[in-house]
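Trainee: Pasting entry.txt here (compact mmCIF, C-alpha atoms):
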# COMPACT_ATOMS: atom_id res chain seq x y z
CA MET A 1309 -4.12 -92.58 127.27
CA ASP A 1310 -5.24 -89.19 125.97
CA LYS A 1311 -8.76 -88.47 124.87
CA GLN A 1312 -7.85 -88.32 121.20
CA SER A 1313 -6.40 -91.84 121.27
CA ILE A 1314 -9.72 -93.32 122.35
CA LYS A 1315 -11.76 -91.26 119.90
CA VAL A 1316 -14.01 -93.56 117.87
CA ALA A 1317 -14.52 -93.32 114.14
CA CYS A 1318 -17.96 -94.85 113.44
CA SER A 1319 -17.26 -94.80 109.70
CA ASN A 1320 -14.38 -97.26 110.19
CA CYS A 1321 -16.01 -99.50 112.82
CA ASN A 1322 -16.76 -103.06 111.72
CA LEU A 1323 -19.95 -103.02 113.83
CA ARG A 1324 -21.30 -99.80 112.32
CA GLU A 1325 -24.02 -101.52 110.29
CA LEU A 1326 -25.34 -103.19 113.44
CA CYS A 1327 -25.65 -100.13 115.65
CA MET A 1328 -25.75 -97.19 113.21
CA PRO A 1329 -27.89 -96.37 110.14
CA VAL A 1330 -26.70 -97.63 106.75
CA GLY A 1331 -26.48 -95.73 103.48
CA LEU A 1332 -25.34 -92.42 104.98
CA SER A 1333 -23.57 -89.75 102.99
CA ASP A 1334 -19.93 -88.91 103.74
CA GLN A 1335 -21.10 -85.67 105.32
CA ASP A 1336 -23.53 -87.50 107.62
CA LEU A 1337 -20.82 -89.99 108.58
CA ILE A 1338 -18.57 -87.14 109.66
CA LYS A 1339 -21.38 -85.87 111.90
CA LEU A 1340 -21.86 -89.32 113.41
CA ASP A 1341 -18.14 -89.63 114.04
CA GLU A 1342 -18.51 -86.54 116.22
CA LEU A 1343 -21.45 -88.12 118.08
CA VAL A 1344 -19.38 -90.86 119.71
CA ALA A 1345 -16.89 -89.01 121.88
CA THR A 1346 -15.13 -91.82 123.72
CA ARG A 1347 -14.92 -95.51 124.40
CA ARG A 1348 -15.27 -96.82 127.91
CA LYS A 1349 -13.84 -100.08 129.22
CA VAL A 1350 -15.88 -102.10 131.73
CA LYS A 1351 -14.25 -104.97 133.62
CA ARG A 1352 -16.07 -108.27 134.09
CA GLY A 1353 -18.45 -107.97 137.05
CA ASP A 1354 -18.44 -104.15 137.01
CA THR A 1355 -21.53 -102.07 136.23
CA LEU A 1356 -21.89 -99.77 133.24
CA PHE A 1357 -24.75 -98.01 135.05
CA ASN A 1358 -26.94 -98.69 138.08
CA ASN A 1359 -30.66 -98.49 138.79
CA GLY A 1360 -31.40 -94.87 139.74
CA ASP A 1361 -28.35 -93.36 138.00
CA LYS A 1362 -28.99 -90.18 136.03
CA PHE A 1363 -29.46 -90.94 132.34
CA THR A 1364 -27.08 -89.05 130.05
CA SER A 1365 -25.97 -91.42 127.29
CA LEU A 1366 -26.75 -94.47 125.24
CA PHE A 1367 -23.99 -97.05 124.86
CA ALA A 1368 -23.11 -99.07 121.77
CA ILE A 1369 -21.43 -102.29 122.86
CA ARG A 1370 -18.20 -102.63 120.89
CA THR A 1371 -16.87 -105.79 122.54
CA GLY A 1372 -18.10 -108.00 125.35
CA PHE A 1373 -21.39 -109.13 126.84
CA PHE A 1374 -23.73 -107.52 129.39
CA LYS A 1375 -26.76 -108.49 131.43
CA THR A 1376 -29.40 -106.09 132.70
CA ALA A 1377 -30.93 -106.92 136.06
CA LEU A 1378 -33.15 -105.59 138.84
CA ALA A 1379 -32.80 -106.35 142.54
CA THR A 1380 -36.00 -107.91 143.90
CA GLU A 1381 -37.42 -107.20 147.37
CA ASP A 1382 -35.87 -110.38 148.77
CA GLY A 1383 -32.42 -109.35 147.53
CA ARG A 1384 -32.18 -111.57 144.45
CA ASP A 1385 -31.21 -110.31 141.00
CA GLN A 1386 -33.91 -110.65 138.36
CA VAL A 1387 -32.21 -110.76 134.95
CA THR A 1388 -34.16 -108.73 132.38
CA GLY A 1389 -31.94 -109.19 129.33
CA PHE A 1390 -28.60 -110.03 127.76
CA GLN A 1391 -26.83 -107.65 125.37
CA MET A 1392 -23.89 -108.27 123.03
CA ALA A 1393 -21.53 -106.43 120.68
CA GLY A 1394 -23.35 -104.30 118.11
CA GLU A 1395 -26.37 -103.68 120.35
CA ILE A 1396 -27.41 -100.48 122.09
CA ILE A 1397 -27.84 -100.42 125.86
CA GLY A 1398 -29.28 -97.73 128.13
CA LEU A 1399 -32.65 -97.10 126.47
CA ASP A 1400 -34.39 -97.73 129.82
CA GLY A 1401 -33.25 -94.31 131.03
CA ILE A 1402 -34.99 -92.21 128.39
CA VAL A 1403 -38.46 -92.18 129.97
CA HIS A 1404 -37.68 -90.70 133.40
CA ASP A 1405 -34.08 -89.48 132.89
CA ARG A 1406 -32.99 -92.21 135.30
CA HIS A 1407 -31.83 -95.75 134.62
CA THR A 1408 -34.29 -98.39 135.83
CA CYS A 1409 -31.92 -101.38 135.98
CA ASP A 1410 -28.28 -102.35 136.52
CA ALA A 1411 -26.11 -103.14 133.49
CA ILE A 1412 -23.35 -105.58 134.46
CA ALA A 1413 -20.49 -106.80 132.27
CA LEU A 1414 -20.39 -110.61 131.97
CA GLU A 1415 -16.87 -110.36 130.51
CA ASP A 1416 -14.37 -107.56 129.93
CA ALA A 1417 -16.15 -105.16 127.60
CA GLU A 1418 -15.82 -101.88 125.76
CA VAL A 1419 -18.63 -99.50 124.85
CA CYS A 1420 -18.95 -96.39 122.71
CA VAL A 1421 -20.48 -93.54 124.74
CA MET A 1422 -23.17 -91.57 122.85
CA PRO A 1423 -24.48 -88.52 124.77
CA PHE A 1424 -28.25 -88.51 124.34
CA ASP A 1425 -28.58 -84.73 124.02
CA ARG A 1426 -26.18 -84.96 121.07
CA ILE A 1427 -28.23 -87.81 119.56
CA GLU A 1428 -31.37 -85.66 119.74
CA GLU A 1429 -29.54 -82.70 118.22
CA LEU A 1430 -28.09 -84.77 115.37
CA SER A 1431 -31.42 -86.52 114.74
CA ARG A 1432 -32.81 -83.20 113.57
CA GLU A 1433 -30.00 -82.93 111.02
CA VAL A 1434 -29.64 -86.60 110.02
CA THR A 1435 -33.15 -88.03 109.59
CA ALA A 1436 -31.77 -91.56 109.13
CA LEU A 1437 -30.44 -91.41 112.69
CA GLN A 1438 -33.84 -90.51 114.12
CA SER A 1439 -35.44 -93.38 112.21
CA HIS A 1440 -32.71 -95.75 113.42
CA VAL A 1441 -33.23 -94.80 117.07
CA HIS A 1442 -36.96 -95.42 116.65
CA LYS A 1443 -36.22 -98.86 115.16
CA ILE A 1444 -33.97 -99.70 118.12
CA MET A 1445 -36.75 -98.71 120.54
CA SER A 1446 -39.28 -100.74 118.56
CA ARG A 1447 -36.96 -103.75 118.63
CA GLU A 1448 -36.81 -103.49 122.42
CA ILE A 1449 -40.62 -103.46 122.61
CA VAL A 1450 -40.79 -106.57 120.39
CA ARG A 1451 -38.16 -108.25 122.57
CA GLU A 1452 -40.19 -107.47 125.70
CA HIS A 1453 -43.27 -109.03 124.09
CA GLY A 1454 -41.21 -112.10 123.23
CA VAL A 1455 -40.09 -112.46 126.84
CA MET A 1456 -43.69 -112.11 128.03
CA LEU A 1457 -44.63 -114.97 125.68
CA LEU A 1458 -41.76 -117.06 127.03
CA LEU A 1459 -42.78 -116.53 130.64
CA GLY A 1460 -46.49 -116.67 130.07
CA SER A 1461 -47.10 -119.81 128.09
CA MET A 1462 -44.00 -121.85 127.24
CA ARG A 1463 -42.87 -125.00 128.99
CA ALA A 1464 -39.27 -125.21 130.25
CA GLU A 1465 -37.97 -127.02 127.15
CA GLU A 1466 -39.61 -124.48 124.86
CA ARG A 1467 -38.15 -121.56 126.83
CA VAL A 1468 -34.59 -122.90 126.68
CA ALA A 1469 -34.97 -123.79 122.99
CA ALA A 1470 -36.20 -120.29 122.15
CA PHE A 1471 -33.39 -118.77 124.21
CA LEU A 1472 -30.68 -120.77 122.39
CA LEU A 1473 -32.14 -120.05 118.94
CA ASN A 1474 -32.38 -116.32 119.67
CA LEU A 1475 -28.83 -116.18 121.00
CA VAL A 1476 -27.24 -118.04 118.10
CA GLN A 1477 -29.24 -115.96 115.58
CA ARG A 1478 -27.96 -112.71 117.09
CA LEU A 1479 -24.39 -114.04 117.19
CA HIS A 1480 -24.63 -115.19 113.56
CA ALA A 1481 -25.57 -111.63 112.54
CA ARG A 1482 -22.18 -110.64 113.96
CA GLY A 1483 -20.28 -113.19 111.87
CA PHE A 1484 -20.20 -116.06 114.34
CA SER A 1485 -21.21 -119.69 113.77
CA GLN A 1486 -24.85 -120.64 113.23
CA SER A 1487 -24.46 -123.68 115.44
CA GLU A 1488 -21.81 -122.99 118.10
CA LEU A 1489 -21.75 -120.51 120.94
CA VAL A 1490 -20.10 -119.84 124.28
CA LEU A 1491 -22.58 -118.97 127.03
CA ARG A 1492 -21.24 -115.87 128.78
CA MET A 1493 -23.96 -116.17 131.40
CA THR A 1494 -24.38 -118.84 134.09
CA ARG A 1495 -27.19 -121.42 134.17
CA GLU A 1496 -28.57 -119.51 137.15
CA GLU A 1497 -28.69 -116.26 135.14
CA ILE A 1498 -30.40 -118.06 132.26
CA GLY A 1499 -32.96 -119.40 134.75
CA SER A 1500 -33.57 -115.94 136.19
CA TYR A 1501 -34.20 -114.55 132.71
CA LEU A 1502 -36.46 -117.43 131.63
CA GLY A 1503 -38.35 -117.70 134.91
CA LEU A 1504 -36.94 -121.17 135.64
CA LYS A 1505 -35.11 -122.70 138.58
CA LEU A 1506 -31.41 -123.52 138.16
CA GLU A 1507 -32.16 -127.26 138.46
CA THR A 1508 -34.75 -127.02 135.68
CA VAL A 1509 -32.32 -125.29 133.32
CA SER A 1510 -29.61 -127.87 134.02
CA ARG A 1511 -32.09 -130.74 133.60
CA THR A 1512 -33.33 -129.30 130.29
CA PHE A 1513 -29.79 -128.98 128.92
CA SER A 1514 -29.12 -132.58 129.97
CA LYS A 1515 -32.30 -133.74 128.19
CA PHE A 1516 -31.24 -131.93 125.01
CA VAL A 1517 -27.84 -133.65 125.22
CA GLU A 1518 -29.42 -137.08 125.72
CA GLU A 1519 -31.69 -136.54 122.71
CA GLY A 1520 -28.73 -135.51 120.52
CA ILE A 1521 -30.05 -131.96 120.04
CA VAL A 1522 -27.03 -130.19 121.55
CA GLU A 1523 -23.53 -130.97 122.73
CA VAL A 1524 -22.43 -129.19 125.91
CA LYS A 1525 -18.92 -128.82 127.30
CA GLN A 1526 -19.09 -126.47 130.29
CA ARG A 1527 -20.16 -123.14 128.69
CA HIS A 1528 -19.52 -124.19 125.11
CA VAL A 1529 -22.69 -125.29 123.33
CA ARG A 1530 -22.88 -126.86 119.88
CA ILE A 1531 -26.32 -127.19 118.33
CA LEU A 1532 -26.50 -130.55 116.54
CA ASN A 1533 -30.16 -130.42 115.51
CA THR A 1534 -31.47 -126.91 114.96
CA GLN A 1535 -34.72 -128.26 113.51
CA SER A 1536 -35.59 -130.02 116.78
CA LEU A 1537 -35.21 -126.73 118.69
CA GLN A 1538 -37.32 -124.92 116.07
CA ASN A 1539 -39.98 -127.63 116.25
CA LEU A 1540 -40.24 -127.17 120.02
CA VAL A 1541 -40.81 -123.43 119.63
CA ASN A 1542 -43.07 -123.72 116.55
CA ASN A 1543 -45.24 -126.37 118.19
CA GLN A 1544 -45.81 -124.00 121.11
CA SER A 1545 -46.65 -121.14 118.75
CA SER A 1546 -49.16 -123.22 116.78
CA CYS A 1547 -50.81 -124.50 119.96
CA SER A 1548 -51.21 -120.96 121.28
CA ASN A 1549 -53.43 -120.24 118.26
CA CYS A 1550 -55.61 -123.33 118.77
Before we go any further, please render this structure as structure tokens.
Mentor:
Amino acid sequence: MDKQSIKVACSNCNLRELCMPVGLSDQDLIKLDELVATRRKVKRGDTLFNNGDKFTSLFAIRTGFFKTALATEDGRDQVTGFQMAGEIIGLDGIVHDRHTCDAIALEDAEVCVMPFDRIEELSREVTALQSHVHKIMSREIVREHGVMLLLGSMRAEERVAAFLLNLVQRLHARGFSQSELVLRMTREEIGSYLGLKLETVSRTFSKFVEEGIVEVKQRHVRILNTQSLQNLVNNQSSCSNC
């Protein structure tokens, strides 16, 4: 496959509104088309980048699902996030010009490679791009705060409820169902992210099934009672302000 055949046209991408600014002029769109040089395929289980790798590019996930993780001192992987199509990955490398985590594909994936020096150069010409990058960074900060709340004060049921609601909301923004999802990650990876043991995650899913809140068939989850999940999370939020 020659380089031209994997050239990406952002203006024609159905995920453009999720990972690129909206309302751009035709001239600005042409410039952005030049920003994304290539697509890169990543097989399930392979890494997009590793902790310590030199930072050169941001990656817009075109298809597939990733997890970011850090190896702990005892050799375990601590999952720090899950990323899906339409989201930007690689922001961790901006601060020190080195990536600070591993990004691992949870299924066969494809990303658009966006050299960061080109992003900085174009940001001076296309102000909407600079604003968009700032919004992406801000969203990551908000997400980090949300995780801190999860780990700091929520009970197991509340953590799993918040996780499912967040996941289905993000998938719905990409045109998927508001009530059905396929978990690309294992129960163990969910536990690592939420600060819960595998047994606790499994037990919580089983409790939700027994109470008629969700239906689970292996990795396929159907939310039967969204309000019950929201009540769990909202009750926690109201109590935290007591």
Trainee: Fewer than 4 positions away in the same chain doesn't count, so skip those; otherwise give me all residues within 12 Å of Val1529 in chain A, counting all atoms listed in the file, as a list in words.
Mentor: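 The residues that qualify are Leu1472, Leu1473, Leu1475, Val1476, Ser1485, Gln1486, Ser1487, Glu1488, Leu1489, Val1490, Leu1491, Arg1492, Phe1513, Ser1514, Phe1516, Val1517, Ile1521, Val1522, Glu1523, Val1524, Lys1525 and Asn1533 of chain A.
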Trainee: Which residue, A:Gln1335, A:Cys1327, A:Leu1356, A:Glu1381, has the smallest gap to Ile1396 in chain A when you use all atoms listed in the file?
Mentor: A:Cys1327
Trainee: Take the point (-41.4, -116.5, 132.3) as written in the file and pick out every residue within 9 Å of it, counting all atoms listed in the file; give the list as a list in words.
Mentor: Val1455, Met1456, Leu1457, Leu1458, Leu1459, Gly1460, Ser1461, Met1462, Arg1467, Ser1500, Tyr1501, Leu1502, Gly1503 and Leu1504 of chain A
Trainee: What does the distance from CA of Met1422 in chain A to CA of Val1450 in chain A come to in Å, to one decimal?
Mentor: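 Between CA of Met1422 in chain A and CA of Val1450 in chain A the gap works out to 23.3 Å.
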Trainee: At what distance in Å, to one decimal, does CA of Met1328 in chain A lie from CA of Ala1470 in chain A?
Mentor: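 Between CA of Ala1470 in chain A and CA of Met1328 in chain A the gap is 26.9 Å.
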Trainee: List the neighbours of Leu1399 in chain A out to 10 Å using only C-alpha atoms; skip same-chain residues closer than 3 positions along the sequence, and give me the result as a PyMOL selection string.
Mentor: chain A and resi 1363+1365-1367+1396+1402-1403+1407-1408+1424+1441+1444-1445+1448
